[in-house]
>>> print(open('start.txt').read())   # compact mmCIF, C-alpha atoms and all ligand atoms
# COMPACT_ATOMS: atom_id res chain seq x y z
CA MET D 1 84.12 99.36 62.59
CA GLU D 2 87.17 101.61 62.67
CA VAL D 3 88.87 101.64 66.08
CA ILE D 4 91.36 104.40 66.89
CA ILE D 5 93.29 104.25 70.16
CA CYS D 6 94.76 107.52 71.42
CA PRO D 7 97.28 108.18 74.19
CA ASN D 8 94.85 110.30 76.25
CA ALA D 9 91.36 111.80 76.48
CA GLU D 10 92.44 115.14 75.02
CA ARG D 11 93.65 113.38 71.90
CA VAL D 12 90.35 111.46 71.71
CA GLY D 13 88.61 114.82 71.42
CA GLN D 14 91.01 116.08 68.73
CA ILE D 15 90.78 112.93 66.62
CA GLY D 16 87.01 112.65 67.10
CA ALA D 17 86.58 116.28 66.06
CA ALA D 18 88.86 115.82 63.04
CA LYS D 19 86.79 112.85 61.90
CA VAL D 20 83.52 114.77 62.32
CA ALA D 21 84.99 117.82 60.59
CA ARG D 22 86.18 115.78 57.63
CA ILE D 23 82.68 114.35 57.12
CA ALA D 24 81.03 117.76 57.69
CA SER D 25 83.36 119.48 55.21
CA ALA D 26 82.59 116.88 52.56
CA ILE D 27 78.85 117.48 53.02
CA GLY D 28 79.07 121.29 53.17
CA PRO D 29 77.67 124.09 55.37
CA GLY D 30 74.22 122.45 55.59
CA VAL D 31 75.54 119.35 57.34
CA VAL D 32 73.18 117.64 59.79
CA LEU D 33 74.98 116.80 63.03
CA GLY D 34 73.79 114.29 65.61
CA VAL D 35 74.92 115.45 69.04
CA ALA D 36 75.29 113.67 72.36
CA THR D 37 75.42 114.97 75.92
CA GLY D 38 77.78 113.62 78.58
CA SER D 39 81.45 114.34 79.25
CA SER D 40 82.85 112.16 76.45
CA PRO D 41 82.31 114.50 73.47
CA LEU D 42 83.12 117.78 75.29
CA ALA D 43 86.74 117.98 74.10
CA ALA D 44 85.58 117.29 70.54
CA TYR D 45 82.96 120.06 70.76
CA ALA D 46 85.66 122.45 71.96
CA ALA D 47 87.89 121.47 69.01
CA LEU D 48 84.99 121.84 66.55
CA ALA D 49 84.19 125.24 68.05
CA ASP D 50 87.79 126.35 67.40
CA MET D 51 87.55 125.17 63.79
CA ALA D 52 84.23 126.97 63.30
CA ARG D 53 85.62 130.20 64.83
CA SER D 54 88.76 130.13 62.70
CA GLY D 55 86.74 129.54 59.53
CA GLU D 56 88.35 126.13 58.96
CA LEU D 57 84.90 124.54 59.24
CA ASP D 58 81.75 126.17 57.87
CA LEU D 59 78.73 125.30 60.01
CA SER D 60 76.74 128.40 59.02
CA GLU D 61 73.76 126.38 57.75
CA ALA D 62 74.26 123.29 59.90
CA SER D 63 71.48 121.74 61.90
CA ALA D 64 71.74 119.42 64.87
CA PHE D 65 69.65 116.74 66.51
CA ALA D 66 70.25 115.67 70.10
CA LEU D 67 69.93 112.04 71.06
CA ASP D 68 67.79 112.25 74.13
CA GLU D 69 66.10 114.25 76.89
CA TYR D 70 65.03 113.60 80.45
CA ILE D 71 61.36 113.48 81.30
CA GLY D 72 60.16 115.17 84.47
CA LEU D 73 62.55 118.12 84.77
CA PRO D 74 61.06 121.62 84.63
CA LEU D 75 61.59 123.52 81.38
CA GLY D 76 64.86 125.47 81.62
CA HIS D 77 66.41 123.11 84.22
CA PRO D 78 70.19 123.49 83.75
CA GLU D 79 70.66 119.72 83.48
CA SER D 80 67.88 119.20 80.95
CA TYR D 81 69.60 118.12 77.76
CA ARG D 82 68.02 121.02 75.89
CA GLU D 83 70.04 123.36 78.13
CA VAL D 84 73.17 121.18 78.11
CA ILE D 85 73.17 121.12 74.29
CA ARG D 86 72.66 124.89 74.18
CA ARG D 87 75.69 125.44 76.49
CA THR D 88 78.04 122.83 75.04
CA VAL D 89 77.10 122.72 71.35
CA THR D 90 74.80 125.44 70.00
CA GLU D 91 76.59 128.44 71.49
CA PRO D 92 80.25 127.35 71.19
CA LEU D 93 79.82 126.05 67.62
CA GLY D 94 77.81 129.13 66.65
CA LEU D 95 74.86 127.09 65.38
CA ASP D 96 71.56 128.77 64.58
CA PRO D 97 69.39 127.82 67.63
CA SER D 98 66.34 127.43 65.40
CA ARG D 99 68.12 124.55 63.66
CA VAL D 100 69.08 122.69 66.86
CA HIS D 101 66.54 120.14 68.03
CA CYS D 102 66.05 117.94 71.10
CA PRO D 103 63.44 115.27 71.67
CA ASN D 104 60.61 117.05 73.49
CA GLY D 105 60.68 115.50 76.93
CA PHE D 106 58.43 118.36 78.12
CA ALA D 107 55.57 117.50 75.75
CA ASP D 108 52.07 116.91 77.10
CA ASP D 109 51.77 113.96 74.76
CA LEU D 110 54.99 112.03 75.21
CA GLN D 111 53.81 109.11 73.12
CA ALA D 112 53.46 111.42 70.12
CA ALA D 113 56.76 113.22 70.78
CA GLY D 114 58.85 110.24 69.61
CA PRO D 115 57.33 109.87 66.14
CA ALA D 116 57.28 113.69 65.79
CA TYR D 117 61.05 113.75 66.37
CA GLU D 118 61.57 110.99 63.83
CA ASP D 119 59.60 113.08 61.29
CA LEU D 120 61.80 116.10 62.00
CA ILE D 121 65.01 114.12 61.43
CA ARG D 122 63.60 112.63 58.23
CA ALA D 123 62.54 116.07 56.95
CA ALA D 124 66.12 117.29 57.46
CA GLY D 125 67.36 114.47 55.23
CA GLY D 126 68.70 112.34 58.09
CA VAL D 127 71.75 112.77 60.29
CA ASP D 128 75.04 112.98 58.36
CA VAL D 129 77.32 112.36 61.30
CA GLN D 130 76.19 111.18 64.71
CA ILE D 131 78.49 111.91 67.65
CA LEU D 132 78.12 109.34 70.44
CA GLY D 133 79.35 108.61 73.93
CA VAL D 134 78.62 105.37 75.72
CA GLY D 135 77.25 104.58 79.17
CA SER D 136 79.19 102.28 81.50
CA ASN D 137 76.45 99.68 80.88
CA GLY D 138 76.87 99.98 77.11
CA HIS D 139 73.91 102.29 76.44
CA VAL D 140 74.01 104.73 73.55
CA GLY D 141 71.60 107.64 73.71
CA PHE D 142 69.52 106.35 76.59
CA ASN D 143 68.95 102.95 75.02
CA GLU D 144 69.43 100.82 78.08
CA PRO D 145 70.36 97.12 78.00
CA THR D 146 67.63 95.00 76.34
CA SER D 147 66.49 97.92 74.14
CA SER D 148 65.27 96.67 70.79
CA LEU D 149 68.08 96.88 68.25
CA SER D 150 65.59 98.39 65.78
CA SER D 151 63.91 100.79 68.23
CA ARG D 152 62.85 104.33 67.27
CA THR D 153 62.52 107.49 69.39
CA ARG D 154 60.37 106.65 72.41
CA VAL D 155 59.98 106.87 76.17
CA LYS D 156 62.39 104.69 78.14
CA THR D 157 63.03 103.98 81.82
CA LEU D 158 66.58 104.71 82.94
CA ALA D 159 68.62 101.87 84.42
CA ASP D 160 69.66 102.27 88.07
CA ARG D 161 73.30 102.30 86.98
CA THR D 162 72.65 105.19 84.57
CA ARG D 163 70.82 107.15 87.25
CA ARG D 164 73.74 106.60 89.63
CA ASP D 165 76.28 107.53 86.92
CA ASN D 166 74.36 110.74 86.20
CA GLN D 167 73.77 111.63 89.84
CA ARG D 168 76.90 113.81 89.67
CA PHE D 169 74.90 116.39 87.73
CA PHE D 170 72.18 116.64 90.38
CA ALA D 171 72.04 117.45 94.10
CA SER D 172 70.90 113.92 94.99
CA LEU D 173 69.93 110.60 93.40
CA ASP D 174 66.27 111.38 94.10
CA GLU D 175 66.49 114.33 91.69
CA VAL D 176 67.66 112.19 88.76
CA PRO D 177 64.64 111.47 86.56
CA HIS D 178 63.50 107.88 86.05
CA HIS D 179 62.34 108.41 82.47
CA CYS D 180 63.60 109.86 79.22
CA LEU D 181 62.76 110.28 75.57
CA THR D 182 65.56 108.85 73.44
CA GLN D 183 66.32 108.19 69.81
CA GLY D 184 66.14 104.45 69.28
CA LEU D 185 68.97 102.21 68.19
CA GLY D 186 67.29 101.99 64.78
CA THR D 187 67.24 105.81 64.62
CA ILE D 188 70.94 106.01 65.49
CA MET D 189 71.75 103.31 62.94
CA ASP D 190 70.11 105.44 60.23
CA ALA D 191 72.77 108.16 60.67
CA HIS D 192 75.06 108.08 57.66
CA ASN D 193 78.21 108.13 59.81
CA VAL D 194 78.79 107.49 63.51
CA VAL D 195 81.72 108.68 65.65
CA LEU D 196 81.74 107.25 69.18
CA MET D 197 84.21 108.61 71.72
CA ALA D 198 85.08 107.10 75.10
CA SER D 199 87.77 107.59 77.68
CA GLY D 200 88.55 106.26 81.14
CA ALA D 201 88.63 102.84 82.77
CA ALA D 202 84.92 102.94 83.65
CA LYS D 203 84.13 102.44 79.96
CA ALA D 204 86.60 99.60 79.28
CA LYS D 205 84.21 96.69 79.82
CA ALA D 206 81.43 98.30 77.74
CA ILE D 207 83.84 99.13 74.91
CA ALA D 208 85.17 95.56 74.75
CA ALA D 209 81.60 94.22 74.63
CA ILE D 210 80.50 96.73 72.00
CA VAL D 211 83.51 96.41 69.70
CA GLU D 212 84.48 92.76 70.06
CA GLY D 213 81.56 91.00 71.74
CA PRO D 214 78.51 89.47 70.09
CA ILE D 215 75.79 91.78 68.81
CA THR D 216 73.30 91.76 71.66
CA ALA D 217 70.64 94.00 73.15
CA VAL D 218 72.32 93.41 76.52
CA TRP D 219 75.14 95.69 75.24
CA PRO D 220 73.09 98.13 73.11
CA GLY D 221 76.09 99.83 71.48
CA SER D 222 77.10 96.49 69.94
CA VAL D 223 74.50 97.17 67.22
CA LEU D 224 77.08 99.57 65.75
CA GLN D 225 78.96 96.51 64.46
CA LEU D 226 76.26 96.47 61.77
CA HIS D 227 76.90 100.10 60.79
CA GLN D 228 78.86 100.63 57.58
CA HIS D 229 80.59 103.84 58.71
CA ALA D 230 81.22 103.63 62.46
CA THR D 231 84.39 104.97 64.05
CA VAL D 232 85.25 104.41 67.71
CA VAL D 233 87.87 106.73 69.23
CA LEU D 234 89.28 105.63 72.60
CA ASP D 235 91.96 106.49 75.08
CA GLU D 236 94.22 103.73 76.41
CA ASP D 237 92.11 103.26 79.56
CA ALA D 238 88.85 102.79 77.66
CA ALA D 239 90.64 100.41 75.28
CA ALA D 240 92.17 98.35 78.10
CA CYS D 241 89.87 95.30 77.78
CA LEU D 242 90.06 95.00 73.99
CA ALA D 243 91.79 91.87 72.65
CA MET D 244 92.83 93.20 69.23
CA THR D 245 94.60 96.38 70.33
CA ASP D 246 97.73 95.64 68.29
CA TYR D 247 95.68 95.29 65.11
CA TYR D 248 93.86 98.60 65.67
CA LYS D 249 97.13 100.43 66.32
CA THR D 250 98.87 98.88 63.31
CA THR D 251 95.90 99.71 61.09
CA TYR D 252 95.90 103.34 62.21
CA ALA D 253 99.68 103.65 61.81
CA HIS D 254 99.40 102.42 58.22
CA LEU D 255 96.31 104.31 57.08
CA PRO D 256 96.52 105.30 53.43
CA ASP D 257 97.10 109.03 52.96
CA TRP D 258 93.53 109.73 51.85
CA GLN D 259 92.18 108.37 55.16
CA ARG D 260 94.68 110.10 57.41
CA LEU D 261 93.42 112.75 59.85
CA ASP D 262 95.77 115.72 59.94
CA VAL D 263 95.82 116.56 63.63
C1 LIG J 301 74.22 109.88 79.21
C2 LIG J 301 73.80 110.20 77.79
C3 LIG J 301 74.60 109.41 76.78
C4 LIG J 301 76.07 109.49 77.12
C5 LIG J 301 76.29 108.89 78.49
C6 LIG J 301 77.75 108.81 78.89
O1 LIG J 301 73.60 108.76 79.74
N1 LIG J 301 72.41 109.95 77.56
O2 LIG J 301 74.36 109.92 75.48
O3 LIG J 301 76.83 108.82 76.15
O4 LIG J 301 75.59 109.72 79.40
O5 LIG J 301 78.14 109.99 79.51
P1 LIG J 301 79.64 110.39 79.78
O6 LIG J 301 80.22 110.72 78.46
O7 LIG J 301 79.56 111.58 80.67
O8 LIG J 301 80.29 109.24 80.43
>>> encode(input="start.txt", output="structure tokens")
Amino acid sequence: MEVIICPNAERVGQIGAAKVARIASAIGPGVVLGVATGSSPLAAYAALADMARSGELDLSEASAFALDEYIGLPLGHPESYREVIRRTVTEPLGLDPSRVHCPNGFADDLQAAGPAYEDLIRAAGGVDVQILGVGSNGHVGFNEPTSSLSSRTRVKTLADRTRRDNQRFFASLDEVPHHCLTQGLGTIMDAHNVVLMASGAAKAKAIAAIVEGPITAVWPGSVLQLHQHATVVLDEDAAACLAMTDYYKTTYAHLPDWQRLDV
């Protein structure tokens, strides 16, 4: 796991975007992006949008797969992840909407919607670079603590902590759905590259558990320790509970030229 510690959240977005852009450029215009909702990747999306607009990054044939979707919201609800991804990713990055996919949390047959989404990702050749945030309880996607480390896209029940964390997007806690359709940890692990971004003190405990703790379903993001190409980009607050901070900073300061991110 590559750990990069940045002075602030803005820099997390720039470095995260540079990492994603480097991978996307190597793949070419048909890159398959994995995209997350939440506040953590917003600065990176803004930076990627700038690169796409300036022509520095060609996303003209790119496709994208979102991690998850609420179940129980009406179609078109502004906080449904389908709408959030449209506002924060599809439009700013200029992606072709017909190539941007979300798990179908509105399906009549929710049991079938998970495997159908897996088929869609497989047909696209898999996700080249998965952008991730992390919940304060260590969830990635909506894989709550005790999720199977090899799980696939399926219906999950949201943890109380996640519902309370996400209440800020709704008028009241009662309006936050209890269920979701989320890519599994096994699905996320199949992405060829993973870039996780986190900032703020509320993520510090989860980040320490994920990066330096044992691999355990109690901290779902810890499964990323088994990923061959996982990068974690943090601000100082999110990195505050890590033990090996000096090593991560020294490693980044001495990266060989070919690994350096020019931002
Ligand atoms: C939601 C999403 C996750 C996201 C998490 C953290 O629960 N399902 O994909 O990582 O929120 O959100 P934020 O980045 O706003 O802290």
>>> closest_atom_pairs(input="start.txt", of="region 161-202 of chain D", to="region 50-69 of chain D", cutoff="12 Å", atoms="all atoms listed in the file", output="JSON lines")
{"residue": "D:Pro177", "atom": "CA", "partner": "D:Glu69", "partner_atom": "CA", "distance": 10.2}
{"residue": "D:His178", "atom": "CA", "partner": "D:Glu69", "partner_atom": "CA", "distance": 11.5}
{"residue": "D:His179", "atom": "CA", "partner": "D:Glu69", "partner_atom": "CA", "distance": 8.9}
{"residue": "D:Cys180", "atom": "CA", "partner": "D:Glu69", "partner_atom": "CA", "distance": 5.6}
{"residue": "D:Leu181", "atom": "CA", "partner": "D:Glu69", "partner_atom": "CA", "distance": 5.4}
{"residue": "D:Thr182", "atom": "CA", "partner": "D:Asp68", "partner_atom": "CA", "distance": 4.1}
{"residue": "D:Gln183", "atom": "CA", "partner": "D:Leu67", "partner_atom": "CA", "distance": 5.4}
{"residue": "D:Gly184", "atom": "CA", "partner": "D:Leu67", "partner_atom": "CA", "distance": 8.7}
{"residue": "D:Leu185", "atom": "CA", "partner": "D:Leu67", "partner_atom": "CA", "distance": 10.3}
{"residue": "D:Thr187", "atom": "CA", "partner": "D:Leu67", "partner_atom": "CA", "distance": 9.4}
{"residue": "D:Ile188", "atom": "CA", "partner": "D:Leu67", "partner_atom": "CA", "distance": 8.3}
{"residue": "D:Ala191", "atom": "CA", "partner": "D:Phe65", "partner_atom": "CA", "distance": 10.8}
>>> atom_distance(input="start.txt", atom1="CA of Ser39 (chain D)", atom2="CA of Asp96 (chain D)")
22.8 Å
>>> closest_residue(input="start.txt", among="D:Ser151, D:Ser199, D:Thr245, D:Ser40", to="ligand LIG 301 (chain J)", atoms="only C-alpha atoms and all ligand atoms")
D:Ser40
>>> closest_atom_pairs(input="start.txt", of="chain D", to="ligand LIG 301 (chain J)", cutoff="6 Å", atoms="all atoms listed in the file", output="tab-separated table")
residue	atom	partner	partner_atom	distance
D:Ala36	CA	J:LIG301	O2	5.0
D:Thr37	CA	J:LIG301	O2	5.2
D:Gly38	CA	J:LIG301	O7	3.4
D:Ser39	CA	J:LIG301	O7	3.6
D:Ser40	CA	J:LIG301	O6	3.6
D:Leu132	CA	J:LIG301	O3	5.9
D:Gly133	CA	J:LIG301	O3	3.4
D:Val134	CA	J:LIG301	O3	3.9
D:Gly135	CA	J:LIG301	C6	4.3
D:Val140	CA	J:LIG301	O2	5.5
D:Gly141	CA	J:LIG301	O2	4.0
D:Phe142	CA	J:LIG301	N1	4.7
>>> closest_residue(input="start.txt", among="D:Ala124, D:Val176, D:Ala238, D:Val233", to="Asp160 (chain D)", atoms="only C-alpha atoms")
D:Val176
>>> decode(input="start.txt", residues="region 68-80 of chain D", atoms="all heavy atoms", output="PDB file, in the first residue's frame")
ATOM      1  N   ASP D  68     -22.104   2.474  -5.286  1.00  0.00           N
ATOM      2  CA  ASP D  68     -23.267   2.092  -4.494  1.00  0.00           C
ATOM      3  C   ASP D  68     -24.469   2.995  -4.762  1.00  0.00           C
ATOM      4  O   ASP D  68     -24.344   4.018  -5.461  1.00  0.00           O
ATOM      5  CB  ASP D  68     -22.911   2.105  -2.996  1.00  0.00           C
ATOM      6  CG  ASP D  68     -22.078   3.326  -2.588  1.00  0.00           C
ATOM      7  OD1 ASP D  68     -22.058   4.313  -3.354  1.00  0.00           O
ATOM      8  OD2 ASP D  68     -21.458   3.296  -1.534  1.00  0.00           O
ATOM      9  N   GLU D  69     -25.597   2.617  -4.217  1.00  0.00           N
ATOM     10  CA  GLU D  69     -26.833   3.404  -4.365  1.00  0.00           C
ATOM     11  C   GLU D  69     -27.745   3.092  -3.177  1.00  0.00           C
ATOM     12  O   GLU D  69     -27.759   1.962  -2.673  1.00  0.00           O
ATOM     13  CB  GLU D  69     -27.540   3.022  -5.684  1.00  0.00           C
ATOM     14  CG  GLU D  69     -28.867   3.710  -5.939  1.00  0.00           C
ATOM     15  CD  GLU D  69     -28.777   5.237  -6.006  1.00  0.00           C
ATOM     16  OE1 GLU D  69     -28.729   5.860  -4.927  1.00  0.00           O
ATOM     17  OE2 GLU D  69     -28.786   5.795  -7.121  1.00  0.00           O
ATOM     18  N   TYR D  70     -28.459   4.102  -2.741  1.00  0.00           N
ATOM     19  CA  TYR D  70     -29.464   3.877  -1.698  1.00  0.00           C
ATOM     20  C   TYR D  70     -30.627   3.075  -2.258  1.00  0.00           C
ATOM     21  O   TYR D  70     -30.912   3.125  -3.467  1.00  0.00           O
ATOM     22  CB  TYR D  70     -30.021   5.220  -1.219  1.00  0.00           C
ATOM     23  CG  TYR D  70     -29.068   6.051  -0.382  1.00  0.00           C
ATOM     24  CD1 TYR D  70     -28.618   7.278  -0.852  1.00  0.00           C
ATOM     25  CD2 TYR D  70     -28.658   5.632   0.879  1.00  0.00           C
ATOM     26  CE1 TYR D  70     -27.765   8.072  -0.087  1.00  0.00           C
ATOM     27  CE2 TYR D  70     -27.808   6.423   1.647  1.00  0.00           C
ATOM     28  CZ  TYR D  70     -27.371   7.633   1.159  1.00  0.00           C
ATOM     29  OH  TYR D  70     -26.538   8.414   1.916  1.00  0.00           O
ATOM     30  N   ILE D  71     -31.315   2.401  -1.387  1.00  0.00           N
ATOM     31  CA  ILE D  71     -32.577   1.748  -1.751  1.00  0.00           C
ATOM     32  C   ILE D  71     -33.694   2.460  -0.993  1.00  0.00           C
ATOM     33  O   ILE D  71     -33.558   2.713   0.208  1.00  0.00           O
ATOM     34  CB  ILE D  71     -32.553   0.246  -1.353  1.00  0.00           C
ATOM     35  CG1 ILE D  71     -31.559  -0.512  -2.240  1.00  0.00           C
ATOM     36  CG2 ILE D  71     -33.947  -0.369  -1.444  1.00  0.00           C
ATOM     37  CD1 ILE D  71     -31.356  -1.960  -1.823  1.00  0.00           C
ATOM     38  N   GLY D  72     -34.754   2.800  -1.701  1.00  0.00           N
ATOM     39  CA  GLY D  72     -35.926   3.379  -1.039  1.00  0.00           C
ATOM     40  C   GLY D  72     -36.160   4.838  -1.378  1.00  0.00           C
ATOM     41  O   GLY D  72     -37.213   5.387  -1.034  1.00  0.00           O
ATOM     42  N   LEU D  73     -35.212   5.488  -2.045  1.00  0.00           N
ATOM     43  CA  LEU D  73     -35.442   6.877  -2.459  1.00  0.00           C
ATOM     44  C   LEU D  73     -36.203   6.862  -3.779  1.00  0.00           C
ATOM     45  O   LEU D  73     -36.037   5.952  -4.590  1.00  0.00           O
ATOM     46  CB  LEU D  73     -34.108   7.613  -2.658  1.00  0.00           C
ATOM     47  CG  LEU D  73     -33.242   7.810  -1.413  1.00  0.00           C
ATOM     48  CD1 LEU D  73     -31.949   8.543  -1.787  1.00  0.00           C
ATOM     49  CD2 LEU D  73     -34.005   8.582  -0.338  1.00  0.00           C
ATOM     50  N   PRO D  74     -37.036   7.890  -4.017  1.00  0.00           N
ATOM     51  CA  PRO D  74     -37.702   7.945  -5.319  1.00  0.00           C
ATOM     52  C   PRO D  74     -36.694   8.263  -6.429  1.00  0.00           C
ATOM     53  O   PRO D  74     -35.698   8.960  -6.193  1.00  0.00           O
ATOM     54  CB  PRO D  74     -38.708   9.087  -5.153  1.00  0.00           C
ATOM     55  CG  PRO D  74     -38.242   9.880  -3.988  1.00  0.00           C
ATOM     56  CD  PRO D  74     -37.408   8.987  -3.122  1.00  0.00           C
ATOM     57  N   LEU D  75     -36.953   7.749  -7.610  1.00  0.00           N
ATOM     58  CA  LEU D  75     -36.100   8.018  -8.773  1.00  0.00           C
ATOM     59  C   LEU D  75     -35.978   9.531  -8.967  1.00  0.00           C
ATOM     60  O   LEU D  75     -36.974  10.247  -8.881  1.00  0.00           O
ATOM     61  CB  LEU D  75     -36.741   7.372 -10.008  1.00  0.00           C
ATOM     62  CG  LEU D  75     -35.857   7.170 -11.233  1.00  0.00           C
ATOM     63  CD1 LEU D  75     -34.687   6.255 -10.931  1.00  0.00           C
ATOM     64  CD2 LEU D  75     -36.683   6.599 -12.386  1.00  0.00           C
ATOM     65  N   GLY D  76     -34.765  10.026  -9.167  1.00  0.00           N
ATOM     66  CA  GLY D  76     -34.583  11.467  -9.352  1.00  0.00           C
ATOM     67  C   GLY D  76     -34.344  12.223  -8.046  1.00  0.00           C
ATOM     68  O   GLY D  76     -34.090  13.427  -8.071  1.00  0.00           O
ATOM     69  N   HIS D  77     -34.398  11.538  -6.893  1.00  0.00           N
ATOM     70  CA  HIS D  77     -34.137  12.215  -5.612  1.00  0.00           C
ATOM     71  C   HIS D  77     -32.721  12.812  -5.681  1.00  0.00           C
ATOM     72  O   HIS D  77     -31.767  12.122  -6.065  1.00  0.00           O
ATOM     73  CB  HIS D  77     -34.236  11.205  -4.471  1.00  0.00           C
ATOM     74  CG  HIS D  77     -34.189  11.842  -3.108  1.00  0.00           C
ATOM     75  ND1 HIS D  77     -33.048  12.435  -2.590  1.00  0.00           N
ATOM     76  CD2 HIS D  77     -35.141  11.997  -2.159  1.00  0.00           C
ATOM     77  CE1 HIS D  77     -33.295  12.912  -1.385  1.00  0.00           C
ATOM     78  NE2 HIS D  77     -34.563  12.659  -1.094  1.00  0.00           N
ATOM     79  N   PRO D  78     -32.576  14.085  -5.305  1.00  0.00           N
ATOM     80  CA  PRO D  78     -31.263  14.737  -5.459  1.00  0.00           C
ATOM     81  C   PRO D  78     -30.139  14.054  -4.689  1.00  0.00           C
ATOM     82  O   PRO D  78     -28.971  14.185  -5.059  1.00  0.00           O
ATOM     83  CB  PRO D  78     -31.498  16.166  -4.953  1.00  0.00           C
ATOM     84  CG  PRO D  78     -32.816  16.159  -4.273  1.00  0.00           C
ATOM     85  CD  PRO D  78     -33.601  15.014  -4.814  1.00  0.00           C
ATOM     86  N   GLU D  79     -30.454  13.318  -3.636  1.00  0.00           N
ATOM     87  CA  GLU D  79     -29.396  12.642  -2.876  1.00  0.00           C
ATOM     88  C   GLU D  79     -29.223  11.173  -3.262  1.00  0.00           C
ATOM     89  O   GLU D  79     -28.407  10.466  -2.660  1.00  0.00           O
ATOM     90  CB  GLU D  79     -29.637  12.778  -1.364  1.00  0.00           C
ATOM     91  CG  GLU D  79     -29.509  14.206  -0.866  1.00  0.00           C
ATOM     92  CD  GLU D  79     -28.193  14.869  -1.270  1.00  0.00           C
ATOM     93  OE1 GLU D  79     -27.166  14.170  -1.358  1.00  0.00           O
ATOM     94  OE2 GLU D  79     -28.194  16.095  -1.500  1.00  0.00           O
ATOM     95  N   SER D  80     -30.013  10.731  -4.264  1.00  0.00           N
ATOM     96  CA  SER D  80     -29.731   9.377  -4.774  1.00  0.00           C
ATOM     97  C   SER D  80     -28.355   9.457  -5.424  1.00  0.00           C
ATOM     98  O   SER D  80     -27.968  10.492  -5.972  1.00  0.00           O
ATOM     99  CB  SER D  80     -30.790   8.942  -5.786  1.00  0.00           C
ATOM    100  OG  SER D  80     -30.678   9.721  -6.963  1.00  0.00           O
TER     101      SER D  80
END
